[in-house]
Each structure stands twice: as structure tokens, then as C-alpha cells.
$ cat data.txt   # compact mmCIF, C-alpha atoms
# COMPACT_ATOMS: atom_id res chain seq x y z
CA MET A 1382 -6.65 -0.49 18.63
CA LYS A 1383 -6.52 2.80 16.74
CA PHE A 1384 -4.90 2.96 13.33
CA ASP A 1385 -2.77 6.03 12.62
CA THR A 1386 -0.58 4.76 9.77
CA VAL A 1387 -1.94 3.42 6.49
CA PHE A 1388 0.16 2.01 3.65
CA ILE A 1389 -1.53 1.77 0.27
CA ASP A 1390 -0.26 -0.06 -2.80
CA ARG A 1391 -0.49 1.70 -6.19
CA ASP A 1392 -1.14 -0.67 -9.11
CA GLY A 1393 -4.47 -2.45 -8.75
CA THR A 1394 -5.32 -0.81 -5.42
CA ILE A 1395 -5.84 2.87 -6.21
CA GLY A 1396 -5.98 2.43 -9.99
CA GLY A 1397 -4.77 0.41 -12.95
CA ASN A 1398 -5.21 -3.35 -13.15
CA GLY A 1399 -2.55 -4.64 -10.77
CA HIS A 1400 0.27 -4.58 -13.29
CA TYR A 1401 2.72 -1.87 -14.31
CA CYS A 1402 1.23 1.27 -15.77
CA SER A 1403 3.18 4.42 -16.64
CA VAL A 1404 2.53 7.62 -14.70
CA GLU A 1405 0.93 9.16 -17.82
CA ASP A 1406 -1.40 6.22 -18.46
CA PHE A 1407 -2.31 5.48 -14.83
CA VAL A 1408 -6.07 5.87 -14.23
CA LEU A 1409 -7.33 6.13 -10.65
CA PHE A 1410 -10.36 4.22 -9.42
CA GLU A 1411 -13.39 6.36 -8.69
CA HIS A 1412 -13.00 6.74 -4.90
CA SER A 1413 -9.21 6.57 -4.51
CA LEU A 1414 -8.53 10.26 -3.90
CA ALA A 1415 -11.54 10.57 -1.59
CA SER A 1416 -10.33 7.54 0.38
CA ILE A 1417 -6.85 8.98 0.86
CA GLN A 1418 -8.35 12.32 1.90
CA LEU A 1419 -10.82 10.69 4.31
CA LEU A 1420 -8.05 8.78 6.07
CA LYS A 1421 -5.96 11.93 6.39
CA GLU A 1422 -8.92 13.95 7.70
CA LYS A 1423 -9.41 11.28 10.36
CA GLY A 1424 -5.81 11.66 11.56
CA CYS A 1425 -3.99 8.94 9.63
CA ARG A 1426 -0.68 9.28 7.86
CA VAL A 1427 -1.23 7.72 4.45
CA PHE A 1428 1.82 6.33 2.67
CA ALA A 1429 2.16 4.93 -0.84
CA LEU A 1430 3.94 1.54 -0.73
CA THR A 1431 4.87 0.20 -4.14
CA ASN A 1432 7.20 -2.16 -6.02
CA GLN A 1433 8.19 -0.63 -9.37
CA THR A 1434 10.62 -2.81 -11.32
CA LYS A 1435 10.31 -0.50 -14.33
CA ILE A 1436 12.49 2.04 -12.50
CA SER A 1437 15.47 -0.34 -12.50
CA ASP A 1438 15.11 -1.01 -16.23
CA GLY A 1439 14.75 2.69 -17.05
CA THR A 1440 11.14 2.57 -18.26
CA MET A 1441 9.85 4.66 -15.32
CA ASN A 1442 11.32 7.71 -13.62
CA GLU A 1443 11.32 7.36 -9.83
CA GLU A 1444 11.02 11.08 -9.11
CA GLU A 1445 8.13 11.45 -11.57
CA LEU A 1446 6.35 8.54 -9.86
CA ARG A 1447 7.01 10.01 -6.41
CA CYS A 1448 5.64 13.41 -7.45
CA SER A 1449 2.52 11.85 -8.98
CA LEU A 1450 1.78 9.96 -5.76
CA LEU A 1451 2.38 12.99 -3.56
CA ALA A 1452 0.02 14.97 -5.83
CA MET A 1453 -2.67 12.37 -5.06
CA GLY A 1454 -2.43 13.34 -1.40
CA PHE A 1455 -0.11 10.72 0.07
CA THR A 1456 1.79 11.87 3.15
CA ASP A 1457 4.95 10.19 1.85
CA VAL A 1458 5.99 7.61 -0.71
CA PHE A 1459 8.00 4.41 -0.23
CA ILE A 1460 9.15 2.79 -3.46
CA CYS A 1461 11.16 -0.33 -4.21
CA PRO A 1462 12.78 0.39 -7.59
CA HIS A 1463 14.47 -3.02 -7.86
CA HIS A 1464 13.74 -6.01 -10.05
CA GLU A 1465 12.84 -9.13 -8.08
CA THR A 1466 16.09 -10.80 -9.19
CA GLU A 1467 18.22 -8.08 -7.55
CA GLY A 1468 17.76 -9.55 -4.05
CA CYS A 1469 17.07 -6.25 -2.30
CA HIS A 1470 15.60 -5.96 1.20
CA CYS A 1471 12.86 -3.51 0.22
CA ARG A 1472 10.78 -5.38 -2.36
CA LYS A 1473 7.41 -6.47 -0.97
CA PRO A 1474 6.74 -8.99 0.57
CA LYS A 1475 10.02 -8.16 2.32
CA ILE A 1476 9.73 -5.45 4.95
CA GLY A 1477 12.52 -3.00 4.08
CA LEU A 1478 10.10 -0.24 3.04
CA ILE A 1479 8.12 -0.70 6.27
CA GLU A 1480 11.35 -0.42 8.28
CA GLU A 1481 12.32 2.71 6.34
CA ALA A 1482 8.93 4.31 7.11
CA GLU A 1483 9.16 3.18 10.73
CA ASN A 1484 12.56 4.83 11.15
CA LYS A 1485 11.33 8.06 9.58
CA TYR A 1486 7.90 8.32 11.25
CA LEU A 1487 8.27 6.30 14.48
CA PHE A 1488 4.91 4.52 14.37
CA GLU A 1489 3.93 1.28 16.07
CA ARG A 1490 3.16 -1.59 13.73
CA LYS A 1491 0.10 -2.57 15.79
CA ASN A 1492 -1.38 0.81 14.76
CA ALA A 1493 -0.67 0.35 11.05
CA VAL A 1494 -2.54 -1.15 8.11
CA ILE A 1495 -1.42 -2.26 4.64
CA ILE A 1496 -4.01 -2.06 1.86
CA GLY A 1497 -3.25 -3.85 -1.39
CA ASP A 1498 -4.51 -6.06 -4.19
CA SER A 1499 -1.71 -8.64 -4.20
CA TYR A 1500 -1.81 -11.56 -1.80
CA LYS A 1501 1.85 -12.36 -2.45
CA ALA A 1502 3.38 -8.87 -2.27
CA ASP A 1503 1.00 -6.74 -0.19
CA MET A 1504 -0.57 -9.27 2.17
CA GLY A 1505 2.77 -11.08 2.37
CA CYS A 1506 4.37 -7.81 3.50
CA ALA A 1507 1.58 -7.33 6.05
CA LYS A 1508 2.19 -10.82 7.42
CA ASN A 1509 5.98 -10.46 7.45
CA SER A 1510 5.83 -7.11 9.23
CA GLN A 1511 2.99 -8.16 11.58
CA ILE A 1512 0.75 -5.37 10.35
CA VAL A 1513 -2.99 -5.67 9.67
CA GLY A 1514 -3.61 -6.44 5.99
CA ILE A 1515 -6.64 -5.38 3.97
CA HIS A 1516 -6.96 -7.06 0.59
CA VAL A 1517 -8.95 -5.22 -2.08
CA ALA A 1518 -10.70 -7.21 -4.83
CA THR A 1519 -9.45 -4.86 -7.53
CA GLY A 1520 -6.36 -5.58 -9.63
CA ARG A 1521 -4.92 -9.06 -9.13
CA ASP A 1522 -7.54 -11.38 -7.72
CA ALA A 1523 -6.33 -14.63 -9.24
CA GLU A 1524 -3.50 -15.11 -6.76
CA ASP A 1525 -3.28 -17.64 -3.94
CA LYS A 1526 -5.77 -16.58 -1.28
CA SER A 1527 -4.21 -18.97 1.25
CA LEU A 1528 -1.60 -16.28 1.96
CA CYS A 1529 -4.36 -13.99 3.14
CA HIS A 1530 -6.17 -16.52 5.27
CA ALA A 1531 -2.92 -17.56 6.94
CA HIS A 1532 -2.50 -13.95 8.09
CA GLU A 1533 -6.22 -13.33 8.62
CA CYS A 1534 -6.38 -10.24 6.46
CA LEU A 1535 -9.64 -8.49 5.80
CA GLU A 1536 -11.25 -8.90 2.38
CA VAL A 1537 -13.01 -5.82 0.94
CA ALA A 1538 -14.29 -4.71 -2.45
CA ASP A 1539 -12.11 -1.63 -2.96
CA ILE A 1540 -10.02 1.16 -1.45
CA TYR A 1541 -13.11 3.08 -0.33
CA GLU A 1542 -14.46 0.12 1.65
CA ALA A 1543 -11.01 -0.32 3.22
CA ALA A 1544 -10.89 3.36 4.25
CA GLN A 1545 -14.42 3.14 5.68
CA TRP A 1546 -13.44 0.08 7.74
CA ILE A 1547 -10.37 1.85 9.18
CA VAL A 1548 -12.44 4.94 10.07
CA ALA A 1549 -15.08 2.73 11.73
CA GLN A 1550 -12.41 0.90 13.75
CA ASN A 1551 -10.94 4.20 14.89
CA SER A 1552 -14.31 5.61 15.94
CA THR A 1553 -15.02 2.64 18.23
CA HIS A 1554 -11.77 3.04 20.18

$ encode --input "data.txt" --output "C-alpha cells"
Amino acid sequence: MKFDTVFIDRDGTIGGNGHYCSVEDFVLFEHSLASIQLLKEKGCRVFALTNQTKISDGTMNEEELRCSLLAMGFTDVFICPHHETEGCHCRKPKIGLIEEAENKYLFERKNAVIIGDSYKADMGCAKNSQIVGIHVATGRDAEDKSLCHAHECLEVADIYEAAQWIVAQNSTH
């Protein structure tokens, strides 16, 4: 199987500590930009996939967030701006953002990967959308790992190791 579509979470996966951080205060991990670039150079579309409840309460500007992620090299950005109590269809682990990307870019889920630090949101979304999940050990690692093992997601140290794994998989097929 060759992966051509990669979804990457923001907080705790490419930077920060897994919890909300403003655009101004967000600090990337050392290899995040290189990982995004490597995946793109190897023919992958690389999408940001993020829940940002601070948009719904007015603490974060959605367009500012979108622009910051595009400036990092993402092909496109898929954001859930809703609070978890709003009952939307797009908040991870629900699959609304995946469906939105699928409608826009016409990819096959078997050729997609979700990289994230949250077992509940990111790996839950991978499981619910039947997409390969790669859990990074940055950000939130105190969550229930049983969600990952139930979906058989890959465990890696960080975004760079995840990107290397995807590239290696693609080069063997």
C-alpha cells in the first residue's frame, strides 16, 4: 500500500505540549517543518487536522490559524472550531473533517495516514475513519493506550520518525 495523503495534528504533534497554544506562542518541534517537507517531496499531500475549541470562544482567530499552518507547508488545513459540547460532526474523533478532505481531494482512505499525539481524538479518528494511525509520543502521552491497540496504530517517538516510516513504506511498494 502506498500512502499519498497524510493528516497531521497540530498541538502536541508538530509543536506545543498537546494542549491549546496561541498562534503567537506556538513553538514547533525541531523536525516538524522538515517532516512536512519530506512527505511533500515524496509525493504526499500533507493536511493539518486539528480541533480548536478556542475559535468558538473567540480566543483564537480561525483565519490566522489557517494562515500559520499553510505557512508551515501544509497542503491544506482542516479545522474543527467547535467546543466539544456543540455536538458537531467534525470534531475528532468524529470523521467530518476527513469526509470534507475526501470530498475536496478524492483520496482513498486505505492510502491515508493520521499522525497525532492524542489516543482519544487522533487515533480515535483514525479508527473511526478506517485510516492508518501513527501515534507520536510527544504532547499527551497519559491517555488510554487501549484505544491505540484496539486499532493497531503505530507507536513512534515523534513526527520525524512518523514521516520516515511513511517514506519507507512508500519506497517498498

$ closest_residue --input "data.txt" --among "A:Ile1436, A:Ala1543, A:Leu1487, A:Leu1450" --to "Pro1462 (chain A)" --atoms "all atoms listed in the file"
A:Ile1436

$ atom_distance --input "data.txt" --atom1 "CA of Gln1433 (chain A)" --atom2 "CA of Gly1393 (chain A)"
12.8 Å

$ closest_residue --input "data.txt" --among "A:Gly1497, A:Lys1475, A:Phe1455, A:Trp1546" --to "Gln1511 (chain A)" --atoms "all atoms listed in the file"
A:Lys1475

$ closest_residue --input "data.txt" --among "A:Glu1483, A:Glu1422, A:Asp1503, A:Glu1465" --to "Arg1391 (chain A)" --atoms "all atoms listed in the file"
A:Asp1503

$ residues_near_point --input "data.txt" --point "(0.7, 9.3, -17.1)" --cutoff "12 Å" --atoms "all atoms listed in the file" --output "ChimeraX atom specification"
/A:1396-1397,1401-1409,1441-1442,1445-1446,1448-1450

$ residues_around --input "data.txt" --residues "Cys1469 (chain A)" --least-positions-apart "6" --cutoff "12 Å" --atoms "only C-alpha atoms" --output "list in words"
Asn1432, Thr1434, Ser1437, Cys1461, Pro1462, His1463, Lys1475, Ile1476, Gly1477 and Leu1478 of chain A

$ residues_around --input "data.txt" --residues "Lys1421 (chain A)" --least-positions-apart "5" --cutoff "10 Å" --atoms "only C-alpha atoms" --output "list of chain:residue names"
A:Asp1385, A:Thr1386, A:Val1387, A:Ala1415, A:Ser1416, A:Arg1426, A:Val1427, A:Gly1454, A:Phe1455, A:Thr1456

$ axis_aligned_box --input "data.txt" --around "region 1430-1445 of chain A" --padding-each-side "6 Å" --output "lines of an AutoDock Vina configuration file"
center_x = 9.7
center_y = 4.3
center_z = -9.5
size_x = 23.5
size_y = 26.3
size_z = 29.5

$ atom_distance --input "data.txt" --atom1 "CA of Glu1444 (chain A)" --atom2 "CA of Gly1399 (chain A)"
20.8 Å

$ closest_residue --input "data.txt" --among "A:Lys1423, A:Glu1467, A:Glu1411, A:Asp1438" --to "Ser1552 (chain A)" --atoms "only C-alpha atoms"
A:Lys1423

$ atom_distance --input "data.txt" --atom1 "CA of Lys1473 (chain A)" --atom2 "CA of Ala1502 (chain A)"
4.9 Å

$ closest_residue --input "data.txt" --among "A:His1464, A:Lys1435, A:Arg1490, A:Lys1508" --to "His1400 (chain A)" --atoms "all atoms listed in the file"
A:Lys1435

$ residues_around --input "data.txt" --residues "Cys1506 (chain A)" --least-positions-apart "4" --cutoff "12 Å" --atoms "all atoms listed in the file" --output "VMD selection string"
chain A and resid 1388 to 1390 1430 to 1432 1470 to 1480 1494 to 1502 1510 to 1516 1528 to 1529 1532 1534

$ closest_residue --input "data.txt" --among "A:Gly1505, A:Gln1550, A:Ile1395, A:Phe1384" --to "His1412 (chain A)" --atoms "all atoms listed in the file"
A:Ile1395

$ build_atoms --input "data.txt" --residues "region 1501-1512 of chain A" --atoms "all heavy atoms" --output "tab-separated table (two decimals), in the frame of the given file"
chain	number	residue	atom	x	y	z
A	1501	LYS	N	0.42	-12.05	-2.61
A	1501	LYS	CA	1.85	-12.36	-2.45
A	1501	LYS	C	2.63	-11.16	-1.94
A	1501	LYS	O	3.30	-11.23	-0.91
A	1501	LYS	CB	2.43	-12.84	-3.77
A	1501	LYS	CG	3.90	-13.21	-3.69
A	1501	LYS	CD	4.44	-13.67	-5.02
A	1501	LYS	CE	5.93	-13.96	-4.94
A	1501	LYS	NZ	6.48	-14.25	-6.26
A	1502	ALA	N	2.57	-10.03	-2.63
A	1502	ALA	CA	3.38	-8.87	-2.27
A	1502	ALA	C	2.81	-8.09	-1.09
A	1502	ALA	O	3.49	-7.91	-0.07
A	1502	ALA	CB	3.54	-7.94	-3.48
A	1503	ASP	N	1.57	-7.63	-1.20
A	1503	ASP	CA	1.00	-6.74	-0.19
A	1503	ASP	C	0.62	-7.47	1.10
A	1503	ASP	O	1.02	-7.06	2.19
A	1503	ASP	CB	-0.21	-6.01	-0.76
A	1503	ASP	CG	0.14	-5.21	-2.00
A	1503	ASP	OD1	1.19	-4.55	-2.01
A	1503	ASP	OD2	-0.64	-5.26	-2.98
A	1504	MET	N	-0.16	-8.54	0.97
A	1504	MET	CA	-0.57	-9.27	2.17
A	1504	MET	C	0.60	-10.05	2.75
A	1504	MET	O	0.70	-10.23	3.96
A	1504	MET	CB	-1.76	-10.18	1.87
A	1504	MET	CG	-3.03	-9.42	1.44
A	1504	MET	SD	-3.60	-8.12	2.59
A	1504	MET	CE	-2.95	-6.63	1.81
A	1505	GLY	N	1.54	-10.46	1.88
A	1505	GLY	CA	2.77	-11.08	2.37
A	1505	GLY	C	3.58	-10.10	3.19
A	1505	GLY	O	4.13	-10.45	4.24
A	1506	CYS	N	3.66	-8.85	2.75
A	1506	CYS	CA	4.37	-7.81	3.50
A	1506	CYS	C	3.67	-7.54	4.83
A	1506	CYS	O	4.32	-7.38	5.86
A	1506	CYS	CB	4.45	-6.53	2.66
A	1506	CYS	SG	5.39	-5.20	3.43
A	1507	ALA	N	2.34	-7.52	4.81
A	1507	ALA	CA	1.58	-7.33	6.05
A	1507	ALA	C	1.90	-8.44	7.04
A	1507	ALA	O	2.19	-8.19	8.21
A	1507	ALA	CB	0.08	-7.27	5.75
A	1508	LYS	N	1.89	-9.67	6.55
A	1508	LYS	CA	2.19	-10.82	7.42
A	1508	LYS	C	3.62	-10.74	7.95
A	1508	LYS	O	3.85	-10.90	9.14
A	1508	LYS	CB	1.99	-12.12	6.64
A	1508	LYS	CG	2.30	-13.35	7.45
A	1508	LYS	CD	2.15	-14.61	6.64
A	1508	LYS	CE	2.53	-15.81	7.50
A	1508	LYS	NZ	2.58	-17.04	6.74
A	1509	ASN	N	4.57	-10.48	7.06
A	1509	ASN	CA	5.98	-10.46	7.45
A	1509	ASN	C	6.31	-9.33	8.42
A	1509	ASN	O	7.23	-9.45	9.22
A	1509	ASN	CB	6.88	-10.36	6.21
A	1509	ASN	CG	6.81	-11.62	5.37
A	1509	ASN	OD1	6.45	-12.69	5.85
A	1509	ASN	ND2	7.15	-11.49	4.10
A	1510	SER	N	5.56	-8.24	8.35
A	1510	SER	CA	5.83	-7.11	9.23
A	1510	SER	C	4.87	-7.07	10.43
A	1510	SER	O	4.94	-6.16	11.24
A	1510	SER	CB	5.76	-5.79	8.45
A	1510	SER	OG	4.50	-5.64	7.83
A	1511	GLN	N	3.98	-8.06	10.51
A	1511	GLN	CA	2.99	-8.16	11.58
A	1511	GLN	C	2.13	-6.90	11.67
A	1511	GLN	O	1.92	-6.32	12.72
A	1511	GLN	CB	3.67	-8.46	12.92
A	1511	GLN	CG	4.38	-9.80	12.89
A	1511	GLN	CD	5.03	-10.15	14.20
A	1511	GLN	OE1	5.58	-9.31	14.89
A	1511	GLN	NE2	4.98	-11.43	14.53
A	1512	ILE	N	1.64	-6.51	10.49
A	1512	ILE	CA	0.75	-5.37	10.35
A	1512	ILE	C	-0.57	-5.90	9.79
A	1512	ILE	O	-0.59	-6.84	9.00
A	1512	ILE	CB	1.37	-4.31	9.39
A	1512	ILE	CG1	2.58	-3.64	10.07
A	1512	ILE	CG2	0.35	-3.27	8.95
A	1512	ILE	CD1	3.31	-2.65	9.18
